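Structure file my_file25.txt with compact mmCIF, C-alpha atoms and all ligand atoms:
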```
# COMPACT_ATOMS: atom_id res chain seq x y z
CA MET A 1 -13.19 -77.94 -77.61
CA PRO A 2 -12.09 -78.18 -73.99
CA GLY A 3 -13.26 -81.29 -72.14
CA LEU A 4 -15.51 -81.48 -69.15
CA LYS A 5 -14.04 -80.46 -65.79
CA ILE A 6 -14.56 -83.51 -63.60
CA ASP A 7 -13.63 -83.77 -59.89
CA LEU A 8 -14.40 -87.30 -58.69
CA HIS A 9 -13.57 -87.20 -54.97
CA THR A 10 -14.87 -84.66 -52.43
CA HIS A 11 -16.10 -84.59 -48.84
CA SER A 12 -18.91 -82.67 -47.16
CA THR A 13 -20.10 -82.28 -43.59
CA ALA A 14 -21.74 -85.69 -44.00
CA SER A 15 -18.25 -86.96 -43.10
CA ASP A 16 -15.16 -84.89 -42.33
CA GLY A 17 -15.46 -81.98 -44.75
CA THR A 18 -16.47 -78.52 -43.53
CA THR A 19 -18.84 -77.67 -46.39
CA PRO A 20 -22.49 -78.80 -46.21
CA PRO A 21 -23.51 -80.94 -49.24
CA GLU A 22 -25.90 -78.30 -50.64
CA VAL A 23 -23.16 -75.66 -50.42
CA LEU A 24 -20.55 -77.99 -51.90
CA VAL A 25 -22.50 -78.41 -55.16
CA ARG A 26 -22.89 -74.63 -55.44
CA GLU A 27 -19.17 -74.08 -54.84
CA ALA A 28 -18.40 -76.77 -57.43
CA ALA A 29 -20.51 -74.98 -60.03
CA ASP A 30 -18.89 -71.65 -59.09
CA ALA A 31 -15.46 -73.27 -59.49
CA GLY A 32 -16.40 -74.11 -63.07
CA LEU A 33 -16.77 -77.84 -62.61
CA ASP A 34 -19.08 -79.82 -64.92
CA VAL A 35 -19.09 -83.00 -62.85
CA LEU A 36 -18.69 -83.44 -59.09
CA ALA A 37 -18.56 -86.69 -57.15
CA LEU A 38 -19.59 -86.58 -53.49
CA THR A 39 -17.64 -89.31 -51.70
CA ASP A 40 -18.02 -89.01 -47.95
CA HIS A 41 -16.33 -91.57 -45.72
CA ASP A 42 -18.45 -94.70 -45.29
CA THR A 43 -21.73 -92.88 -45.83
CA THR A 44 -24.27 -91.86 -48.45
CA GLY A 45 -25.74 -89.44 -45.90
CA GLY A 46 -25.02 -86.34 -48.00
CA TRP A 47 -26.53 -87.60 -51.27
CA GLU A 48 -30.02 -86.22 -50.74
CA ARG A 49 -28.98 -82.74 -49.67
CA ALA A 50 -26.55 -82.43 -52.58
CA ALA A 51 -29.14 -83.69 -55.07
CA ALA A 52 -31.86 -81.40 -53.73
CA ASP A 53 -29.86 -78.24 -54.43
CA LEU A 54 -27.99 -79.27 -57.57
CA PRO A 55 -27.26 -76.15 -59.68
CA ASP A 56 -28.09 -76.19 -63.38
CA GLY A 57 -25.25 -77.50 -65.48
CA LEU A 58 -23.53 -79.46 -62.70
CA ARG A 59 -23.71 -83.25 -62.83
CA LEU A 60 -23.56 -85.12 -59.54
CA VAL A 61 -21.94 -88.53 -59.21
CA ARG A 62 -23.08 -90.07 -55.96
CA GLY A 63 -20.43 -92.15 -54.19
CA ALA A 64 -18.63 -92.96 -50.95
CA GLU A 65 -15.05 -93.50 -49.82
CA ILE A 66 -14.96 -96.84 -48.08
CA SER A 67 -12.51 -97.69 -45.26
CA CYS A 68 -10.62 -100.83 -46.27
CA SER A 69 -7.41 -102.68 -45.55
CA ARG A 70 -5.14 -105.30 -47.06
CA ASN A 71 -2.16 -107.03 -45.43
CA GLY A 72 -2.67 -104.88 -42.32
CA ILE A 73 -2.40 -101.65 -44.32
CA SER A 74 -5.31 -99.19 -44.37
CA LEU A 75 -6.54 -98.02 -47.74
CA HIS A 76 -9.50 -96.18 -49.22
CA LEU A 77 -11.81 -97.39 -51.95
CA LEU A 78 -14.03 -94.99 -53.88
CA GLY A 79 -17.36 -96.54 -54.80
CA TYR A 80 -19.58 -94.72 -57.29
CA LEU A 81 -23.17 -94.98 -58.47
CA PHE A 82 -24.00 -98.06 -56.39
CA ASP A 83 -27.50 -98.82 -55.14
CA PRO A 84 -27.56 -97.47 -51.55
CA THR A 85 -30.39 -99.86 -50.65
CA HIS A 86 -28.34 -102.97 -51.50
CA ALA A 87 -28.70 -104.80 -48.16
CA ALA A 88 -25.20 -106.25 -47.76
CA LEU A 89 -23.41 -103.06 -48.76
CA ALA A 90 -25.69 -100.86 -46.63
CA GLU A 91 -25.04 -103.15 -43.66
CA ARG A 92 -21.25 -102.95 -44.08
CA LEU A 93 -21.32 -99.16 -44.41
CA ASP A 94 -23.43 -98.98 -41.27
CA ALA A 95 -20.93 -101.19 -39.40
CA LEU A 96 -18.07 -98.93 -40.55
CA ARG A 97 -19.87 -95.83 -39.28
CA THR A 98 -20.68 -97.44 -35.93
CA SER A 99 -17.04 -98.41 -35.54
CA ARG A 100 -15.95 -94.85 -36.34
CA ILE A 101 -18.07 -93.56 -33.45
CA SER A 102 -16.76 -96.05 -30.88
CA ARG A 103 -13.21 -95.47 -32.09
CA ALA A 104 -13.56 -91.70 -31.78
CA GLU A 105 -14.98 -92.18 -28.27
CA ARG A 106 -12.00 -94.33 -27.31
CA MET A 107 -9.61 -91.67 -28.60
CA VAL A 108 -11.39 -88.91 -26.68
CA ASP A 109 -11.30 -91.12 -23.55
CA MET A 110 -7.53 -91.50 -23.94
CA LEU A 111 -7.13 -87.73 -24.25
CA ILE A 112 -9.32 -87.08 -21.20
CA ALA A 113 -7.43 -89.71 -19.20
CA ASP A 114 -4.26 -87.70 -19.88
CA GLY A 115 -5.90 -84.50 -18.69
CA VAL A 116 -6.45 -82.98 -22.13
CA PRO A 117 -9.39 -80.54 -21.95
CA VAL A 118 -11.69 -82.01 -24.63
CA SER A 119 -15.06 -83.73 -24.25
CA TRP A 120 -17.10 -86.20 -26.25
CA GLY A 121 -20.01 -83.77 -26.39
CA GLN A 122 -17.76 -81.12 -27.91
CA VAL A 123 -16.44 -83.51 -30.58
CA ARG A 124 -19.92 -84.81 -31.37
CA GLU A 125 -21.10 -81.22 -31.77
CA LEU A 126 -18.36 -80.48 -34.31
CA ALA A 127 -19.53 -83.37 -36.53
CA ASP A 128 -22.56 -82.86 -38.72
CA GLY A 129 -22.47 -86.44 -40.02
CA THR A 130 -19.97 -89.24 -39.45
CA VAL A 131 -17.59 -88.45 -36.59
CA GLY A 132 -13.96 -88.51 -37.67
CA ARG A 133 -10.51 -87.64 -36.47
CA PRO A 134 -10.76 -84.12 -37.95
CA HIS A 135 -13.49 -83.35 -35.43
CA ILE A 136 -11.24 -84.43 -32.56
CA ALA A 137 -8.50 -82.35 -34.17
CA GLN A 138 -10.84 -79.34 -34.28
CA ALA A 139 -11.53 -79.80 -30.57
CA LEU A 140 -7.78 -79.84 -29.91
CA VAL A 141 -7.41 -76.63 -31.92
CA ALA A 142 -10.31 -75.04 -30.02
CA SER A 143 -8.58 -75.95 -26.75
CA GLY A 144 -5.43 -74.23 -27.99
CA LEU A 145 -3.37 -77.41 -27.80
CA VAL A 146 -2.38 -77.47 -31.44
CA PRO A 147 -2.34 -74.53 -33.87
CA THR A 148 -4.04 -76.28 -36.80
CA VAL A 149 -6.01 -79.43 -37.61
CA ALA A 150 -3.01 -80.77 -39.52
CA ASP A 151 -0.84 -80.42 -36.41
CA ALA A 152 -3.09 -82.87 -34.58
CA PHE A 153 -2.33 -85.58 -37.15
CA THR A 154 1.06 -86.43 -35.69
CA ARG A 155 2.40 -89.26 -33.54
CA ASP A 156 2.11 -87.01 -30.47
CA TRP A 157 -1.62 -86.70 -30.96
CA ILE A 158 -4.11 -88.55 -33.15
CA GLY A 159 -1.96 -89.38 -36.20
CA THR A 160 -2.00 -93.00 -37.33
CA HIS A 161 -0.49 -95.17 -34.58
CA GLY A 162 0.00 -91.98 -32.59
CA ARG A 163 -0.34 -91.59 -28.82
CA TYR A 164 -4.11 -91.04 -28.85
CA TRP A 165 -4.93 -93.00 -31.99
CA GLY A 166 -7.33 -95.92 -32.04
CA ALA A 167 -7.98 -98.49 -34.77
CA LYS A 168 -11.35 -98.72 -36.53
CA LEU A 169 -13.14 -101.38 -38.55
CA GLU A 170 -12.02 -101.72 -42.15
CA LEU A 171 -13.29 -104.00 -44.91
CA ASP A 172 -11.02 -106.32 -46.80
CA VAL A 173 -10.51 -104.35 -49.99
CA LEU A 174 -11.08 -107.30 -52.33
CA ASP A 175 -14.41 -108.03 -50.61
CA ALA A 176 -15.31 -104.33 -50.87
CA VAL A 177 -14.53 -104.19 -54.60
CA ARG A 178 -16.84 -107.17 -55.18
CA LEU A 179 -19.55 -105.85 -52.85
CA VAL A 180 -19.76 -102.45 -54.58
CA ALA A 181 -19.94 -104.24 -57.95
CA GLU A 182 -22.76 -106.44 -56.61
CA ALA A 183 -24.60 -103.25 -55.68
CA GLY A 184 -24.25 -102.06 -59.27
CA GLY A 185 -21.43 -99.61 -58.56
CA VAL A 186 -17.94 -99.05 -59.89
CA THR A 187 -14.74 -98.70 -57.84
CA VAL A 188 -11.57 -96.63 -57.93
CA PHE A 189 -8.60 -97.08 -55.58
CA ALA A 190 -8.24 -93.68 -53.83
CA HIS A 191 -4.77 -92.08 -53.51
CA PRO A 192 -2.90 -95.40 -53.86
CA GLY A 193 0.47 -93.66 -53.70
CA ALA A 194 -0.11 -91.24 -50.83
CA ALA A 195 2.95 -92.39 -48.88
CA SER A 196 2.89 -89.24 -46.74
CA ARG A 197 -0.28 -90.55 -45.05
CA GLY A 198 1.23 -93.82 -43.88
CA ARG A 199 2.17 -97.19 -45.31
CA ILE A 200 0.90 -97.91 -48.82
CA VAL A 201 0.18 -101.29 -50.39
CA GLY A 202 2.43 -102.75 -53.07
CA GLU A 203 1.61 -103.01 -56.74
CA ASP A 204 0.84 -106.71 -56.24
CA VAL A 205 -2.18 -105.68 -54.17
CA ILE A 206 -3.32 -103.28 -56.89
CA ALA A 207 -3.06 -106.16 -59.38
CA ASP A 208 -5.17 -108.33 -57.03
CA MET A 209 -7.74 -105.54 -56.81
CA ALA A 210 -7.81 -105.28 -60.61
CA ALA A 211 -8.39 -109.03 -60.81
CA ALA A 212 -11.25 -108.68 -58.29
CA GLY A 213 -12.96 -106.16 -60.58
CA LEU A 214 -11.51 -102.76 -59.65
CA ASP A 215 -12.38 -100.22 -62.35
CA GLY A 216 -9.96 -97.37 -61.83
CA LEU A 217 -6.92 -95.90 -60.15
CA GLU A 218 -6.78 -92.37 -58.72
CA VAL A 219 -3.63 -91.14 -60.42
CA ASP A 220 -3.88 -87.35 -59.99
CA HIS A 221 -4.30 -86.66 -56.28
CA PRO A 222 -2.90 -83.80 -54.15
CA ASP A 223 -0.90 -86.25 -52.02
CA HIS A 224 0.91 -87.83 -55.00
CA THR A 225 4.33 -86.65 -56.11
CA PRO A 226 4.88 -86.10 -59.86
CA GLU A 227 6.95 -89.31 -59.93
CA MET A 228 4.15 -91.25 -58.25
CA ARG A 229 1.62 -89.90 -60.76
CA ALA A 230 3.80 -90.98 -63.64
CA ARG A 231 4.26 -94.46 -62.18
CA LEU A 232 0.55 -94.89 -61.41
CA GLY A 233 -0.34 -93.78 -64.93
CA VAL A 234 1.84 -96.55 -66.33
CA LEU A 235 0.44 -99.07 -63.87
CA ALA A 236 -3.16 -98.15 -64.71
CA ALA A 237 -2.44 -98.72 -68.39
CA GLU A 238 -0.72 -102.05 -67.66
CA LEU A 239 -3.59 -103.31 -65.51
CA GLY A 240 -6.38 -101.95 -67.72
CA LEU A 241 -7.57 -99.55 -65.00
CA LEU A 242 -9.18 -96.19 -65.74
CA PRO A 243 -7.00 -93.27 -64.54
CA THR A 244 -8.88 -90.64 -62.51
CA GLY A 245 -8.03 -87.39 -60.78
CA SER A 246 -9.57 -85.38 -57.96
CA SER A 247 -9.09 -82.71 -55.35
CA ASP A 248 -10.16 -84.86 -52.35
CA PHE A 249 -11.66 -81.56 -51.18
CA HIS A 250 -12.40 -81.31 -47.44
CA GLY A 251 -13.31 -77.62 -47.18
CA ALA A 252 -11.40 -75.70 -44.53
CA ASN A 253 -9.83 -78.88 -43.09
CA LYS A 254 -7.29 -78.93 -45.93
CA THR A 255 -5.91 -76.27 -48.22
CA VAL A 256 -6.71 -77.94 -51.55
CA ARG A 257 -9.30 -76.31 -53.84
CA LEU A 258 -12.17 -77.94 -55.71
CA GLY A 259 -11.03 -79.08 -59.14
CA ALA A 260 -7.34 -78.99 -58.14
CA HIS A 261 -6.97 -82.24 -60.09
CA LEU A 262 -9.34 -83.56 -62.71
CA THR A 263 -10.47 -86.84 -64.24
CA PRO A 264 -10.12 -87.43 -68.01
CA GLU A 265 -13.49 -87.41 -69.75
CA ALA A 266 -12.86 -90.84 -71.27
CA SER A 267 -12.41 -92.40 -67.80
CA TYR A 268 -15.54 -90.69 -66.53
CA ASP A 269 -17.61 -91.83 -69.52
CA GLU A 270 -16.46 -95.41 -69.08
CA LEU A 271 -17.15 -95.45 -65.31
CA VAL A 272 -20.66 -94.14 -65.92
CA ALA A 273 -21.24 -96.65 -68.72
CA ARG A 274 -20.28 -99.54 -66.41
CA ALA A 275 -22.38 -98.44 -63.41
CA LYS A 276 -25.86 -99.88 -62.96
CA GLY A 277 -26.78 -98.85 -59.41
CA VAL A 278 -28.01 -95.24 -59.55
CA GLU A 279 -27.89 -92.61 -62.30
CA VAL A 280 -25.67 -89.56 -62.55
CA LEU A 281 -27.86 -86.60 -61.56
ZN ZN A 301 -8.95 -91.16 -48.53
ZN ZN A 302 -11.14 -88.59 -49.43
```

For the file at hand, write its structure as structure tokens.
Ligand SMILES: [Zn+2]
Ligand SMILES: [Zn+2]
Amino acid sequence: MPGLKIDLHTHSTASDGTTPPEVLVREAADAGLDVLALTDHDTTGGWERAAADLPDGLRLVRGAEISCSRNGISLHLLGYLFDPTHAALAERLDALRTSRISRAERMVDMLIADGVPVSWGQVRELADGTVGRPHIAQALVASGLVPTVADAFTRDWIGTHGRYWGAKLELDVLDAVRLVAEAGGVTVFAHPGAASRGRIVGEDVIADMAAAGLDGLEVDHPDHTPEMRARLGVLAAELGLLPTGSSDFHGANKTVRLGAHLTPEASYDELVARAKGVEVL
């Protein structure tokens, strides 16, 4: 019997995806998925809308992708099934969102100062939830300055450490692993080997995260090469981490499809068994 089709990492308009949460769950069901995790950046803002329109037969894992860093390197931590009312975690997520807004404003200010025809109002309008760089990128596309959103993510524009890039608040990843656990959730290190996105942390950091209570490692991700997947699979086994897979779907902002990569049922079952914050819907 074929296993469940499980995609544990997707974005909606609550952060930088282009698909509203209630449409995302429908598209997930249409794509033949059995389990979908909604993991918007630093927010649980899409949970309610996704839950309210959940199609029959689709299970929803509520989560978030949390902005973190270690040794000066940015990284993303997936938190699942945590209690969104846990005070300390809710406060940190709120601080991350606030920082995203002021950072985006700074970047828009830099563009305007250089005579680029974009405005804060325009960028704010493009964001349904948390403002992110993709919204600035969309404004640049609308102004005809770059052909696609991806073309804005370069050193000439708003790519990491690029000309119009600004830093944002990030949580120490070991603190974040512990905080999500305190809130009853489980954690998976998102795209640990996505070297194309910027610097990646060493395996020593992944070992430190495992020691801090990390539950899983996202092995199958669109930004991982086959070699990287193989290496991360070995590392997950060595460190006792659950291997997961996902599409990291962002709607029209990226070309990847829902369910492009999947999580093994055994990993999913174990993550759910460990979580005590909120239920799978
Ligand atoms: Zn990410
Ligand atoms: Zn993501």

Across A:Glu125, A:Asp42, A:Glu227, A:Asp30, the smallest distance to Ala176 of chain A, with only C-alpha atoms counted, is shown by A:Asp42

Would you name the residues within 12 Å of ligand ZN 302 (chain A), counting only C-alpha atoms and all ligand atoms, and put them as a ChimeraX atom specification? /A:7-12,15-17,37-43,63-67,75-79,188-192,194,197,218,221-223,245-251,253-254,256

May I have the residues at most 8 Å from (-22.8, -98.6, -59.6) in the file's coordinates, counting all atoms listed in the file, as a count of residues only? 16

Scan for residues within 9 Å of the point (-15.6, -82.5, -67.1) in the coordinates of the file, using all atoms listed in the file, and reply as JSON, numbers by chain. {"A": [2, 3, 4, 5, 6, 7, 33, 34, 35, 36, 262, 263, 264, 265, 268]}

Point-to-point distance from atom CA of Ala14 of chain A to atom CA of Thr225 of chain A, Å rounded to tenths: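 Answer for the atom CA of Ala14 of chain A to atom CA of Thr225 of chain A separation: 28.8 Å.
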
What does the distance between atom CA of Gly193 of chain A and atom CA of Arg133 of chain A come to in Å, to one decimal place? 21.3 Å

Excluding Gln122 of chain A and residues on its chain fewer than 3 positions from it, collect all residues at most 9 Å away from it, counting only C-alpha atoms, and give them as a ChimeraX atom specification. /A:118-119,125-126,135-136,139

Can you work out which one of A:Ala230, A:Ala90, A:Ala29, A:Val131 has the shortest atom-to-atom distance to Arg103 of chain A, counting all atoms listed in the file?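 Checking each of A:Ala230, A:Ala90, A:Ala29, A:Val131 against Arg103 of chain A, counting all atoms listed in the file, the winner is A:Val131.
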
Counting only C-alpha atoms and all ligand atoms, the residue of A:Arg62, A:Leu93, A:Gly198, A:Asp269 that sits nearest ligand ZN 301 (chain A):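 Counting only C-alpha atoms and all ligand atoms, the residue closest to ligand ZN 301 (chain A) is A:Gly198.
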
Restricting the calculation to all atoms listed in the file: of A:Leu171, A:Ser74, A:Gly202, A:Leu24, which residue gets closest to Leu54 of chain A?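 Once distances to Leu54 of chain A are computed over all atoms listed in the file, the minimum belongs to A:Leu24.
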
Who sits within 10 Å of Pro55 of chain A, all atoms listed in the file, same chain under 5 positions skipped, as a ChimeraX atom specification: /A:22,25-30,50,60

Expected file contents, prior selection, C-alpha atoms, as an mmCIF file, keeping the file's coordinate frame:
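Output file selection-v2.cif is given in full below:
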```
data_model
loop_
_atom_site.group_PDB
_atom_site.id
_atom_site.type_symbol
_atom_site.label_atom_id
_atom_site.label_comp_id
_atom_site.auth_asym_id
_atom_site.auth_seq_id
_atom_site.Cartn_x
_atom_site.Cartn_y
_atom_site.Cartn_z
ATOM 1 C CA GLU A 22 -25.900 -78.300 -50.640
ATOM 2 C CA VAL A 25 -22.500 -78.410 -55.160
ATOM 3 C CA ARG A 26 -22.890 -74.630 -55.440
ATOM 4 C CA GLU A 27 -19.170 -74.080 -54.840
ATOM 5 C CA ALA A 28 -18.400 -76.770 -57.430
ATOM 6 C CA ALA A 29 -20.510 -74.980 -60.030
ATOM 7 C CA ASP A 30 -18.890 -71.650 -59.090
ATOM 8 C CA ALA A 50 -26.550 -82.430 -52.580
ATOM 9 C CA LEU A 60 -23.560 -85.120 -59.540
#
```

From the set A:Gly45, A:Pro243, A:His86, A:Leu111, which residue has the shortest atom-to-atom contact distance to Asp128 of chain A, counting all atoms listed in the file?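 Counting all atoms listed in the file, the residue closest to Asp128 of chain A is A:Gly45.
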
N, CA and C atoms restored at segment 262-274 of chain A, emitted as a compact mmCIF listing (two decimals), in the frame of the given file:
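Final output, saved to rebuild.txt:
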```txt
# COMPACT_ATOMS: atom_id res chain seq x y z
N LEU A 262 -8.13 -83.20 -61.96
CA LEU A 262 -9.34 -83.56 -62.71
C LEU A 262 -9.22 -84.95 -63.32
N THR A 263 -10.39 -85.51 -63.63
CA THR A 263 -10.47 -86.84 -64.24
C THR A 263 -10.66 -86.70 -65.76
N PRO A 264 -9.92 -87.47 -66.56
CA PRO A 264 -10.12 -87.43 -68.01
C PRO A 264 -11.56 -87.84 -68.37
N GLU A 265 -12.10 -87.14 -69.36
CA GLU A 265 -13.49 -87.41 -69.75
C GLU A 265 -13.70 -88.87 -70.16
N ALA A 266 -12.71 -89.45 -70.81
CA ALA A 266 -12.86 -90.84 -71.27
C ALA A 266 -13.02 -91.79 -70.08
N SER A 267 -12.28 -91.54 -68.99
CA SER A 267 -12.41 -92.40 -67.80
C SER A 267 -13.79 -92.23 -67.19
N TYR A 268 -14.21 -90.98 -67.10
CA TYR A 268 -15.54 -90.69 -66.53
C TYR A 268 -16.63 -91.38 -67.35
N ASP A 269 -16.58 -91.22 -68.65
CA ASP A 269 -17.61 -91.83 -69.52
C ASP A 269 -17.67 -93.35 -69.32
N GLU A 270 -16.49 -93.95 -69.21
CA GLU A 270 -16.46 -95.41 -69.08
C GLU A 270 -16.99 -95.86 -67.70
N LEU A 271 -16.64 -95.12 -66.65
CA LEU A 271 -17.15 -95.45 -65.31
C LEU A 271 -18.68 -95.38 -65.30
N VAL A 272 -19.20 -94.32 -65.89
CA VAL A 272 -20.66 -94.14 -65.92
C VAL A 272 -21.31 -95.24 -66.75
N ALA A 273 -20.68 -95.60 -67.85
CA ALA A 273 -21.24 -96.65 -68.72
C ALA A 273 -21.30 -97.99 -68.00
N ARG A 274 -20.33 -98.25 -67.12
CA ARG A 274 -20.28 -99.54 -66.41
C ARG A 274 -21.26 -99.60 -65.23
```
